[in-house]
There are 2 protein chains.
Amino acid sequence: MPGDFRLLDGTVRHVGEPAAVVVADSDGAAVEAAVILEVDYEPLTAVLDVDQARLEDAPQIHQGTEGNLAGRLRRSDGDVEAALAGSEVVLAHRFVTSRQKQAQLEPTCCVVEPRRDGGVTVWTPHQAPHRARRTLARMFGLGLNSVRVVNPLIGGAFGKGDGLTAEPYAVAAALVTRRPIKLRYSRHEDLVGTEARHPAVFDLTAGLDVEGRIIALRGRVTVDAGAYLSHTPRVLPVILTQLTATYRIPNVDLEVTALFTNTPVSGAFRGYGGPQAAFALEHLIDLGARAVNVDPLEARDRMRIRTGDSWGYSQRPIDTSGLEECLRLGAEAIGWSGHRTKELWPRPSDQTGIRRGVGMACVVWKSGIAGKAGAVDQSGATVVVNPDGSALVASAACDLGTGIKTTLAQICAEALGLPIESVRVTESDTDVTPYDSGAHASRSLYRAGQAVERAALEAKREILTYAADLLEADPGDLKFDGDRIVVRGAADRSAALFDVLERGFREGRRFEGVGTAPVENAPSFAAQFAEVEVDLQTGGVRVTRLVAAQDVGKAINPTIVEGQIQGAVHQGLGYALTEDLVIDPETGTVLNGSFMDYRVLTAADGPLVETIVVEQEDPTGPFGAKGAGEPSIILTAPAVANAILHATGASVRKLPMTPERVLAAIRGVKLGGEQAEPGALAGNGSGTI
Amino acid sequence: MPGDFRLLDGTVRHVGEPAAVVVADSDGAAVEAAVILEVDYEPLTAVLDVDQARLEDAPQIHQGTEGNLAGRLRRSDGDVEAALAGSEVVLAHRFVTSRQKQAQLEPTCCVVEPRRDGGVTVWTPHQAPHRARRTLARMFGLGLNSVRVVNPLIGGAFGKGDGLTAEPYAVAAALVTRRPIKLRYSRHEDLVGTEARHPAVFDLTAGLDVEGRIIALRGRVTVDAGAYLSHTPRVLPVILTQLTATYRIPNVDLEVTALFTNTPVSGAFRGYGGPQAAFALEHLIDLGARAVNVDPLEARDRMRIRTGDSWGYSQRPIDTSGLEECLRLGAEAIGWSGHRTKELWPRPSDQTGIRRGVGMACVVWKSGIAGKAGAVDQSGATVVVNPDGSALVASAACDLGTGIKTTLAQICAEALGLPIESVRVTESDTDVTPYDSGAHASRSLYRAGQAVERAALEAKREILTYAADLLEADPGDLKFDGDRIVVRGAADRSAALFDVLERGFREGRRFEGVGTAPVENAPSFAAQFAEVEVDLQTGGVRVTRLVAAQDVGKAINPTIVEGQIQGAVHQGLGYALTEDLVIDPETGTVLNGSFMDYRVLTAADGPLVETIVVEQEDPTGPFGAKGAGEPSIILTAPAVANAILHATGASVRKLPMTPERVLAAIRGVKLGGEQAEPGALAGNGSGTI
């Protein structure tokens with residue numbers, strides 16, 4: 001496809017893209033050789049932002065594309081023009097999001113061993129080993145069975161490992177040299193040479209009714225794809241969907257366009273389009289609610305989707321929804337009604353001192369991508385019960401630090417009736433495990449859990465069927481009871497589990513189950529509440545409380561769920577306040593390519609995240625569980641923006657919300673042009689900020 | 001069980017047994033520390049051969065045993081005393097076999113990685129990774145799923161890898177230090193510290209009829225188990241069985257006794273009791289045939305088992321037998337009838353010059369150990385067909401250099417109708433593969449091949465069932481045709497295989513088959529013919545021709561089969577002429593613990609082995625194949641002994657047949673007592689040597 005990455009094709013399309021690969025016996029020799037190596041660059045005119053990229057005479061970055069178009073999606077429903085004309089108030093705003101980097105602890109690395117049969121084994125912290133295998137096989141013209149991809153322990157990923165980065169270079173070097181290759185990026189190389197969150201510009205026009213509901217939404221969204229296509233074709237529909245997923249908006253006219261630029265590639269990052277869309281939409285909702293003088297929580301409650309509604313990622317109506325509970329419990333925890341009484345609404349007359357405010361946002365999210373046309377969202381698992389009663393789960397679900405292997409062991413143990421110490425989950429290794437679509441889209445627990453539960457239950461049936469022969473009973477009358485298999489209602493007829501298993505083993509029986517996740521997708525829900533203190537003199541924002549309520553269906557491992565939510569919110573807080581890969585507008589160089597300059601928040605930089613776990617069990621999930629990894633990262637930036645709005649009356653519509661931008665918004669100063677768009681269009685109503 | 005090995009239990013029972021394990025960061029530091037380490041030995045009285053071991057007042061090597069008894073088996077049938085009394089001739093002889101070492105190229109080694117969950121991953125050239133896992137798990141009190149055993153590439157094994165040697169020490173060190181451990185034996189450590197072929201003493205009395213048939217056989221066999229039990233309980237029945245397996249002997253009275261001694265442990269070695277039994281029995285047959293003046297080939301042909309007979313390793317009668325063909329084709333190839341005409345029988349009147357003779361031996365052997373009471377002989381395999389038409393076979397069959405992975409790939413490719421380049425067979429890895437009993441007893445191709453063929457056919461059925469839906473046809477009407485699936489008799493209705501597979505993948509289908517080897521055991525057959533030149537002055541034996549005929553059922557890979565036979569014969573030739581681990585009778589030290597002193601034959605030391613592959617397809621084998629790895633190693637020593645007998649009239653009944661022993665036999669000199677037993681007992685006939 002035009003825009004697809006091609007290994008060392010002679011053109012360097014962004015600063016940070018490899019121009020050559022140096023292979024050496026030691027780090028030192030490699031560096032020395034790289035220094036000696038002279039590359040003759042023929043400078044090309046660079047396109048460094050989407051505004052340049054869309055110009056008619058812009059240099060074309062890839063052949064075969066229409067201008068620099070990397071993708072475009074449209075969606076319309078109802079009659080937006082008529083609805084806008086009939087609205088109580090119409091708002092039009094531009095929202096600009098940043099180039100956040102995953103900043104996982106472990107820099108990009110991989111090891112490749114060439115095999116004697118011409119294939120390769122690749123150890124990589126990739127988030128989808130089976131998909132990486134498919135891509136590498138195609139890229140190098142190898143059979144799928146000639147590429148083996150194995151996950152070592154992974155030091156964080158957050159989407160960075162959802163695309164190939166170092167792997168193709170290492171595979172190429174291994175195939176050429178016939179030697180094992182280890183490739184490890186420096187932190188700088190990792191920051192400038194791997195994929196980041198898509199920056200996006202949202203021009204949204206909304207018409208609201210008197211109760212604060214959006215009844216019409218027109219949007220033109222421009223996304224910066226960076227230098228190559230990568231995940232852009234799949235991020236665009238998420239942005240499009242999330243603009244209309246959480247609320248019933250009857251009239252929409254939306255277009256999302258992605259353009260190539262000569263900047264680092266935009267790729268997968270926890271939330272995958274969701275944080276961008278939510279920042280724009282959720283802040284717009286608060287601006288609208290303010291205009292019609294409605295509590296923004298009430299406005300959301302009036303228009304949120306409900307059980308029985310169809311939703312973005314599934315053909316099926318919503319079975320269960322914890323959204324109302326998330327809103328209610330979150331509001332109680334933050335003390336919403338006390339904060340948001342009208343008399344406390346800030347009036348920014350005094351330009352000094354500290355102002356306090358609260359804001360919130362909510363979202364419906366998905367559990368994987370099954371149900372989307374053309375999507376491959378698969379999880380398979382096998383469970384083998386050994387003769388000693390221990391069990392081995394083969395699953396390619398990737399543990400990026402999410403603890404998924406522990407939770408899958410719990411699911412297997414529970415389904416089999418064995419202690420969790422008896423269960424081990426294999427490495428994610430394409431030779432060992434059935435296909436699994438990997439760790440993305442909040443899918444691992446929901447999808448791999450479905451597969452493991454089914455596999456474990458099948459293995460259990462195999463055991464009970466065999467035991468039924470021994471005990472001369474009907475398999476349906478048997479049950480596990482500790483380390484024995486007993487006949488219901490006949491206490492004297494039982495067998496030790498180990499005896500049954502060992503006997504079966506000696507007779508050549510294999511107690512194994514294979515499980516496959518069905519084509520299902522459970523909606524998950526979250527609401528987030530932020531309390532901030534804004535220094536009116538400096539524009540500094542201190543987030544004093546963050547309450548994250550999330551409907552996870554069933555918290556199989558409550559500690560892990562809490563950790564997922566806290567981590568997501570904290571990463572969302574970085575998105576809100578500090579994180580952005582800054583590109584030099586002259587040279588295209590990343591200006592903050594180190595952890596000294598790229599500001600990741602430390603634990604001391606935010607409050608202890610208060611989590612509220614809501615459990616509306618989903619009928620399709622393993623023990624009722626839904627996806628849990630992403631919803632909370634989506635909501636932090638808009639909740640903080642809305643709290644700043646509440647505290648100061650100022651709207652900050654560009655991420656990250658640095659003190660300069662907050663101060664400019666407070667003072668109504670136009671800083672760098674980001675608030676230069678018109679504040680509101682004419683409508684039936686009058687409310688604007 | 002008394003006599004079982006226990007790790008570092010405070011008693012060293014043979015020279016070469018580890019007394020301590022030193023762990024260090026480098027080879028040098030380990031050697032230095034080992035040199036510094038002082039071990040306080042309290043000397044015990046050693047028992048260095050079975051004659052000492054059986055004395056009533058012999059020191060007892062293990063507690064809980066009856067004297068030094070390591071095992072005893074008896075078998076009797078018919079009335080031996082009466083049959084001996086009615087025999088044409090009765091012979092009684094002692095045969096003594098040696099302590100052959102496997103002398104695989106790769107010295108013993110392994111790597112152990114302790115896992116965070118308390119388990120271990122063990123990389124070892126073990127011949128049965130799944131069995132090693134069971135033993136290690138039990139030894140260290142770990143769950144089966146906490147021990148992962150993986151085969152790296154293996155540099156030869158021949159039985160050396162069929163028991164644990166370095167692994168327990170490395171696992172213990174890894175569990176204690178929580179660090180990865182690499183343990184590598186020197187060649188000396190490998191020769192003196194790992195298991196060797198059981199030395200055995202056969203006292204056999206046979207009664208023959210006038211046609212050279214053995215009608216009565218009495219045997220007292222004493223086997224040296226070495227210092228620990230290891231494989232002895234399973235080698236004893238093989239020796240017992242092989243004394244009566246190949247021929248119809250109506251009256252038998254056999255007892256096989258194993259005794260512990262303070263010598264290196266006797267264990268598994270290609271042939272596993274077969275070479276010892278065949279050396280004694282097959283040489284005895286020639287002595288008997290000579291006594292009754294019958295061609296020993298004719299004598300064998302008269303008493304050999306035939307199709308329909310029951311045999312040692314299976315309850316079922318013999319389905320197919322290539323024994324007659326092996327005998328006939330081998331005899332033709334060596335020119336038997338020309339050599340063995342009576343007038344050419346040597347008369348050892350002239351005591352100088354070169355004498356030429358031919359000899360032969362034959363055997364029925366097994367394909368695994370299935371069918372034996374209590375035996376675990378299992379092979380499972382899975383075959384996954386990938387969306388691109390490549391296939392992955394998961395099998396734990398171990399490739400010791402036998403090429404089994406290639407042959408299994410052929411079986412899978414043939415069963416699926418895919419090119420062999422499309423098939424890869426996994427490593428033998430207990431996490432990846434179903435249980436497989438490993439590489440021993442000539443079982444790998446027969447058993448794993450059964451499993452792979454079944455798995456491939458099941459995967460094919462899965463594909464055809466799915467394709468039948470797409471093509472609106474009956475699965476039974478579909479067939480593979482190159483890279484398409486076609487409907488028989490409807491040339492226009494077909495689909496590209498890749499399209500079917502990719503579509504199925506996208507719909508979540510997994511084309512996988514699981515196969516299990518049934519409880520079957522195919523008899524295999526071999527005959528071997530040797531031509532020798534004996535120097536009457538030096539006793540030197542030059543083997544000028546070796547013809548090995550073997551019924552392999554079906555030679556799926558003829559080059560590999562030929563290599564297996566040639567390698568087996570060459571290793572058998574070492575057993576015949578040079579190989580023996582010599583124990584110092586004073587100190588128990590191995591006197592020839594290096595390849596300078598332990599004489600393995602080079603390619604230049606023997607003739608090019610002439611192979612005759614007979615293919616009597618077995619109905620139970622994969623494509624008719626039977627076990628092929630061992631039969632030919634069993635027959636070389638007796639064929640050479642019989643050729644020496646033919647050439648010189650002298651019987652050499654102690655292995656290896658060194659020039660000293662041959663010369664002593666020729667000169668009728670008693671050398672070291674090994675020909676001190678009476679040559680023959682009284683019988684009806686008179687023939688003795």
# chains A, B, ... in the order shown; residues from 1 in each chain; ligands from 1

$ interface_residues --of "chain A" --to "chain B" --cutoff "10 Å" --atoms "only C-alpha atoms" --output "mmCIF file with C-alpha atoms, in the first residue's frame"
data_model
loop_
_atom_site.group_PDB
_atom_site.id
_atom_site.type_symbol
_atom_site.label_atom_id
_atom_site.label_comp_id
_atom_site.auth_asym_id
_atom_site.auth_seq_id
_atom_site.Cartn_x
_atom_site.Cartn_y
_atom_site.Cartn_z
ATOM 1 C CA ASP A 117 16.630 -24.024 7.723
ATOM 2 C CA GLY A 119 14.230 -19.174 9.006
ATOM 3 C CA ARG A 134 2.879 -12.628 9.650
ATOM 4 C CA ALA A 137 7.287 -13.494 6.934
ATOM 5 C CA ARG A 138 5.694 -11.371 4.226
ATOM 6 C CA LEU A 142 9.573 -16.498 4.319
ATOM 7 C CA GLY A 143 6.972 -19.121 5.166
ATOM 8 C CA LEU A 144 5.012 -18.475 8.333
ATOM 9 C CA ASN A 145 6.573 -21.547 9.866
ATOM 10 C CA SER A 146 10.047 -20.175 9.146
ATOM 11 C CA GLY A 374 -12.463 -7.209 8.311
ATOM 12 C CA ALA A 375 -10.958 -7.193 11.779
ATOM 13 C CA VAL A 376 -8.837 -10.137 12.866
ATOM 14 C CA ASP A 377 -9.390 -10.404 16.585
ATOM 15 C CA GLN A 378 -8.606 -13.903 17.675
ATOM 16 C CA SER A 379 -7.468 -15.651 20.788
ATOM 17 C CA GLY A 380 -6.815 -19.336 21.043
ATOM 18 C CA VAL A 384 -2.943 -29.385 29.310
ATOM 19 C CA VAL A 385 -3.485 -31.015 32.684
ATOM 20 C CA ASN A 386 -0.349 -32.972 33.575
ATOM 21 C CA PRO A 387 -0.380 -36.334 35.344
ATOM 22 C CA ASP A 388 0.591 -34.649 38.625
ATOM 23 C CA GLY A 389 -2.381 -32.297 38.516
ATOM 24 C CA SER A 390 -0.393 -29.291 37.376
ATOM 25 C CA ALA A 391 -1.642 -27.460 34.316
ATOM 26 C CA LEU A 392 0.052 -25.646 31.481
ATOM 27 C CA VAL A 393 -1.817 -22.912 29.645
ATOM 28 C CA ALA A 394 -0.533 -22.079 26.179
ATOM 29 C CA GLU A 421 -0.008 -22.590 42.206
ATOM 30 C CA SER A 422 -0.708 -25.590 39.966
ATOM 31 C CA VAL A 423 -1.119 -23.480 36.852
ATOM 32 C CA ARG A 424 1.618 -22.043 34.672
ATOM 33 C CA VAL A 425 1.051 -19.933 31.577
ATOM 34 C CA THR A 426 3.615 -20.290 28.777
ATOM 35 C CA GLU A 427 5.634 -17.573 27.167
ATOM 36 C CA ASP A 429 5.797 -17.917 21.536
ATOM 37 C CA THR A 430 4.365 -18.503 18.078
ATOM 38 C CA ASP A 431 5.689 -22.073 18.056
ATOM 39 C CA VAL A 432 3.949 -22.891 21.318
ATOM 40 C CA THR A 433 0.674 -21.054 21.236
ATOM 41 C CA PRO A 434 -2.410 -20.773 19.061
ATOM 42 C CA TYR A 435 -2.956 -17.504 17.212
ATOM 43 C CA PHE A 505 -1.314 -40.901 31.272
ATOM 44 C CA ARG A 506 -0.100 -44.486 31.421
ATOM 45 C CA GLU A 507 -2.933 -45.458 29.107
ATOM 46 C CA GLY A 508 -1.913 -42.770 26.666
ATOM 47 C CA ARG A 509 -4.690 -40.319 27.472
ATOM 48 C CA ARG A 510 -3.947 -36.657 27.106
ATOM 49 C CA GLU A 512 -6.079 -31.255 26.958
ATOM 50 C CA THR A 516 -11.192 -20.177 20.952
ATOM 51 C CA ALA A 517 -12.638 -16.791 21.784
ATOM 52 C CA PRO A 518 -16.016 -16.297 20.077
ATOM 53 C CA VAL A 519 -16.742 -13.210 17.960
#

$ residues_around --residues "Leu601 of chain B" --least-positions-apart "5" --cutoff "10 Å" --atoms "only C-alpha atoms" --output "list in words"
His570, Gln571, Gly572, Leu573, Gly574, Tyr575, Leu577, Thr578, Glu579 and Gly606 of chain B

$ residues_around --residues "Tyr313 of chain A" --least-positions-apart "3" --cutoff "7 Å" --atoms "only C-alpha atoms" --output "list in words"
Lys366, Ile369, Gly371, Lys372 and Asn521 of chain A

$ residues_around --residues "Thr135 of chain A" --least-positions-apart "2" --cutoff "12 Å" --atoms "only C-alpha atoms" --output "PyMOL selection string"
chain A and resi 4-6+128-133+137-144+147-149+162-165+167-168+171+230

$ write_last_selection --atoms "C-alpha atoms" --output "PDB file, in the first residue's frame"
ATOM      1  CA  ASP A   4       3.856   1.465   3.778  1.00  0.00           C
ATOM      2  CA  PHE A   5       7.232   1.210   5.373  1.00  0.00           C
ATOM      3  CA  ARG A   6       9.967  -0.348   3.233  1.00  0.00           C
ATOM      4  CA  ALA A 128       1.369  -9.297  19.055  1.00  0.00           C
ATOM      5  CA  PRO A 129       3.922 -12.033  18.291  1.00  0.00           C
ATOM      6  CA  HIS A 130       1.637 -13.854  15.856  1.00  0.00           C
ATOM      7  CA  ARG A 131       0.942 -10.673  13.892  1.00  0.00           C
ATOM      8  CA  ALA A 132       4.659  -9.775  13.934  1.00  0.00           C
ATOM      9  CA  ARG A 133       5.310 -13.240  12.499  1.00  0.00           C
ATOM     10  CA  ALA A 137       7.287 -13.494   6.934  1.00  0.00           C
ATOM     11  CA  ARG A 138       5.694 -11.371   4.226  1.00  0.00           C
ATOM     12  CA  MET A 139       8.426  -8.734   4.409  1.00  0.00           C
ATOM     13  CA  PHE A 140      11.212 -11.272   3.919  1.00  0.00           C
ATOM     14  CA  GLY A 141       9.400 -13.759   1.695  1.00  0.00           C
ATOM     15  CA  LEU A 142       9.573 -16.498   4.319  1.00  0.00           C
ATOM     16  CA  GLY A 143       6.972 -19.121   5.166  1.00  0.00           C
ATOM     17  CA  LEU A 144       5.012 -18.475   8.333  1.00  0.00           C
ATOM     18  CA  VAL A 147       9.525 -17.239  11.483  1.00  0.00           C
ATOM     19  CA  ARG A 148       9.251 -17.861  15.195  1.00  0.00           C
ATOM     20  CA  VAL A 149       8.509 -14.900  17.423  1.00  0.00           C
ATOM     21  CA  ASP A 162       2.348  -2.972  18.642  1.00  0.00           C
ATOM     22  CA  GLY A 163       4.306  -2.266  15.474  1.00  0.00           C
ATOM     23  CA  LEU A 164       7.632  -3.445  14.109  1.00  0.00           C
ATOM     24  CA  THR A 165      10.502  -1.106  14.881  1.00  0.00           C
ATOM     25  CA  GLU A 167      12.831  -6.211  14.284  1.00  0.00           C
ATOM     26  CA  PRO A 168      13.051  -5.848  10.485  1.00  0.00           C
ATOM     27  CA  VAL A 171      16.123  -9.883  10.837  1.00  0.00           C
ATOM     28  CA  SER A 230       1.654   2.134  10.044  1.00  0.00           C
TER      29      SER A 230
END

$ residues_around --residues "Arg304 of chain B" --least-positions-apart "3" --cutoff "12 Å" --atoms "only C-alpha atoms" --output "JSON, numbers by chain"
{"B": [212, 213, 214, 244, 245, 246, 247, 248, 249, 285, 296, 297, 298, 299, 300, 301, 307, 309, 311, 321, 322, 323, 324, 327, 361, 362, 363, 364, 525, 526, 527]}

$ select_by_dssp --residues "segment 128-200 of chain B" --states "strand (DSSP E)" --output "list of chain:residue names"
B:Val147, B:Arg148, B:Val149, B:Val150, B:Ile181, B:Lys182, B:Leu183, B:Arg184, B:Ala200

$ residues_around --residues "Ser266 of chain B" --least-positions-apart "4" --cutoff "12 Å" --atoms "only C-alpha atoms" --output "ChimeraX atom specification"
/B:14,70,98-102,159-160,162-163,192-200,223-236,258-262,272-273,581

$ write_last_selection --atoms "C-alpha atoms" --output "compact mmCIF listing (two decimals), in the first residue's frame"
# COMPACT_ATOMS: atom_id res chain seq x y z
CA HIS B 14 32.25 -45.31 42.02
CA ALA B 70 20.08 -55.24 41.49
CA SER B 98 32.46 -55.59 27.52
CA ARG B 99 31.71 -52.16 28.92
CA GLN B 100 31.23 -50.25 25.67
CA LYS B 101 30.86 -46.48 25.90
CA GLN B 102 28.60 -44.48 23.59
CA GLY B 159 21.70 -43.99 24.74
CA LYS B 160 24.05 -41.75 26.72
CA ASP B 162 18.60 -41.63 27.84
CA GLY B 163 19.32 -41.07 31.52
CA VAL B 192 34.10 -42.16 33.43
CA GLY B 193 31.09 -40.31 34.84
CA THR B 194 28.20 -41.27 32.57
CA GLU B 195 26.53 -44.59 31.90
CA ALA B 196 27.95 -47.38 29.73
CA ARG B 197 26.70 -50.63 28.19
CA HIS B 198 26.07 -53.39 30.74
CA PRO B 199 28.92 -55.91 30.85
CA ALA B 200 27.43 -59.38 31.07
CA VAL B 223 24.95 -58.50 34.48
CA ASP B 224 27.07 -55.79 36.05
CA ALA B 225 24.69 -52.94 36.96
CA GLY B 226 27.51 -50.69 38.12
CA ALA B 227 26.94 -48.48 41.15
CA TYR B 228 23.28 -47.49 40.67
CA LEU B 229 20.09 -49.03 39.35
CA SER B 230 19.34 -46.70 36.43
CA HIS B 231 18.21 -48.70 33.37
CA THR B 232 19.04 -52.15 34.74
CA PRO B 233 15.43 -53.15 35.54
CA ARG B 234 14.56 -52.57 31.89
CA VAL B 235 17.71 -54.01 30.32
CA LEU B 236 17.31 -57.38 32.07
CA ALA B 258 22.09 -58.06 37.87
CA LEU B 259 24.51 -57.17 40.64
CA PHE B 260 25.71 -53.82 41.93
CA THR B 261 29.44 -53.11 41.80
CA ASN B 262 31.50 -50.01 42.61
CA TYR B 272 19.94 -52.04 25.13
CA GLY B 273 20.75 -55.67 26.02
CA LEU B 581 36.08 -49.27 29.41

$ closest_residue --among "B:Ser76, B:Gln63, B:Ser87, B:Gln528" --to "Val640 of chain B" --atoms "only C-alpha atoms"
B:Gln528

$ atom_distance --atom1 "atom CA of Thr648 of chain B" --atom2 "atom CA of Thr544 of chain B"
15.5 Å

$ select_by_dssp --residues "segment 242-469 of chain A" --states "helix (DSSP H, G or I)" --output "PyMOL selection string"
chain A and resi 242-245+274-292+296-303+323-334+336-339+342-344+404-416+420-422+444-469

$ residues_around --residues "Leu44 of chain A" --least-positions-apart "2" --cutoff "10 Å" --atoms "only C-alpha atoms" --output "MDAnalysis selection string"
chainID A and resid 11:13 41:42 46:47 59 61

$ write_last_selection --atoms "N, CA and C atoms" --output "short mmCIF file (atom, residue, chain, number, x, y, z; two decimals), in the first residue's frame"
data_model
loop_
_atom_site.label_atom_id
_atom_site.label_comp_id
_atom_site.auth_asym_id
_atom_site.auth_seq_id
_atom_site.Cartn_x
_atom_site.Cartn_y
_atom_site.Cartn_z
N THR A 11 15.40 6.32 0.72
CA THR A 11 14.90 7.64 1.11
C THR A 11 14.67 7.66 2.61
N VAL A 12 15.20 8.68 3.25
CA VAL A 12 14.94 8.87 4.68
C VAL A 12 13.84 9.89 4.79
N ARG A 13 12.72 9.52 5.42
CA ARG A 13 11.54 10.39 5.39
C ARG A 13 11.30 11.16 6.69
N TYR A 41 23.61 12.44 1.91
CA TYR A 41 22.20 12.80 1.86
C TYR A 41 21.96 13.82 0.76
N GLU A 42 20.95 13.61 -0.04
CA GLU A 42 20.48 14.65 -0.96
C GLU A 42 19.28 15.28 -0.27
N ALA A 46 11.24 19.41 3.29
CA ALA A 46 10.48 18.68 4.30
C ALA A 46 9.10 19.28 4.51
N VAL A 47 8.19 18.42 4.88
CA VAL A 47 6.82 18.81 5.23
C VAL A 47 6.66 18.47 6.69
N PRO A 59 5.44 19.23 -1.27
CA PRO A 59 6.18 18.07 -1.79
C PRO A 59 5.43 16.79 -1.40
N ILE A 61 5.29 13.12 -0.18
CA ILE A 61 6.22 12.28 0.60
C ILE A 61 6.27 10.86 0.07
#

$ closest_atom_pairs --of "segment 354-408 of chain A" --to "segment 610-622 of chain A" --cutoff "12 Å" --atoms "only C-alpha atoms" --output "Markdown table"
| residue | atom | partner | partner_atom | distance |
| --- | --- | --- | --- | --- |
| A:Ser367 | CA | A:Gly621 | CA | 9.2 |
| A:Gly368 | CA | A:Gly621 | CA | 11.5 |
| A:Thr407 | CA | A:Pro622 | CA | 10.6 |
| A:Leu408 | CA | A:Pro622 | CA | 9.8 |

$ atom_distance --atom1 "atom CA of Met303 of chain B" --atom2 "atom CA of Ile239 of chain B"
19.3 Å

$ closest_residue --among "B:Asp286, B:Glu562, B:Asp597, B:Asp25" --to "Pro638 of chain B" --atoms "only C-alpha atoms"
B:Asp286

$ atom_distance --atom1 "atom CA of Asp51 of chain B" --atom2 "atom CA of Thr65 of chain B"
17.2 Å
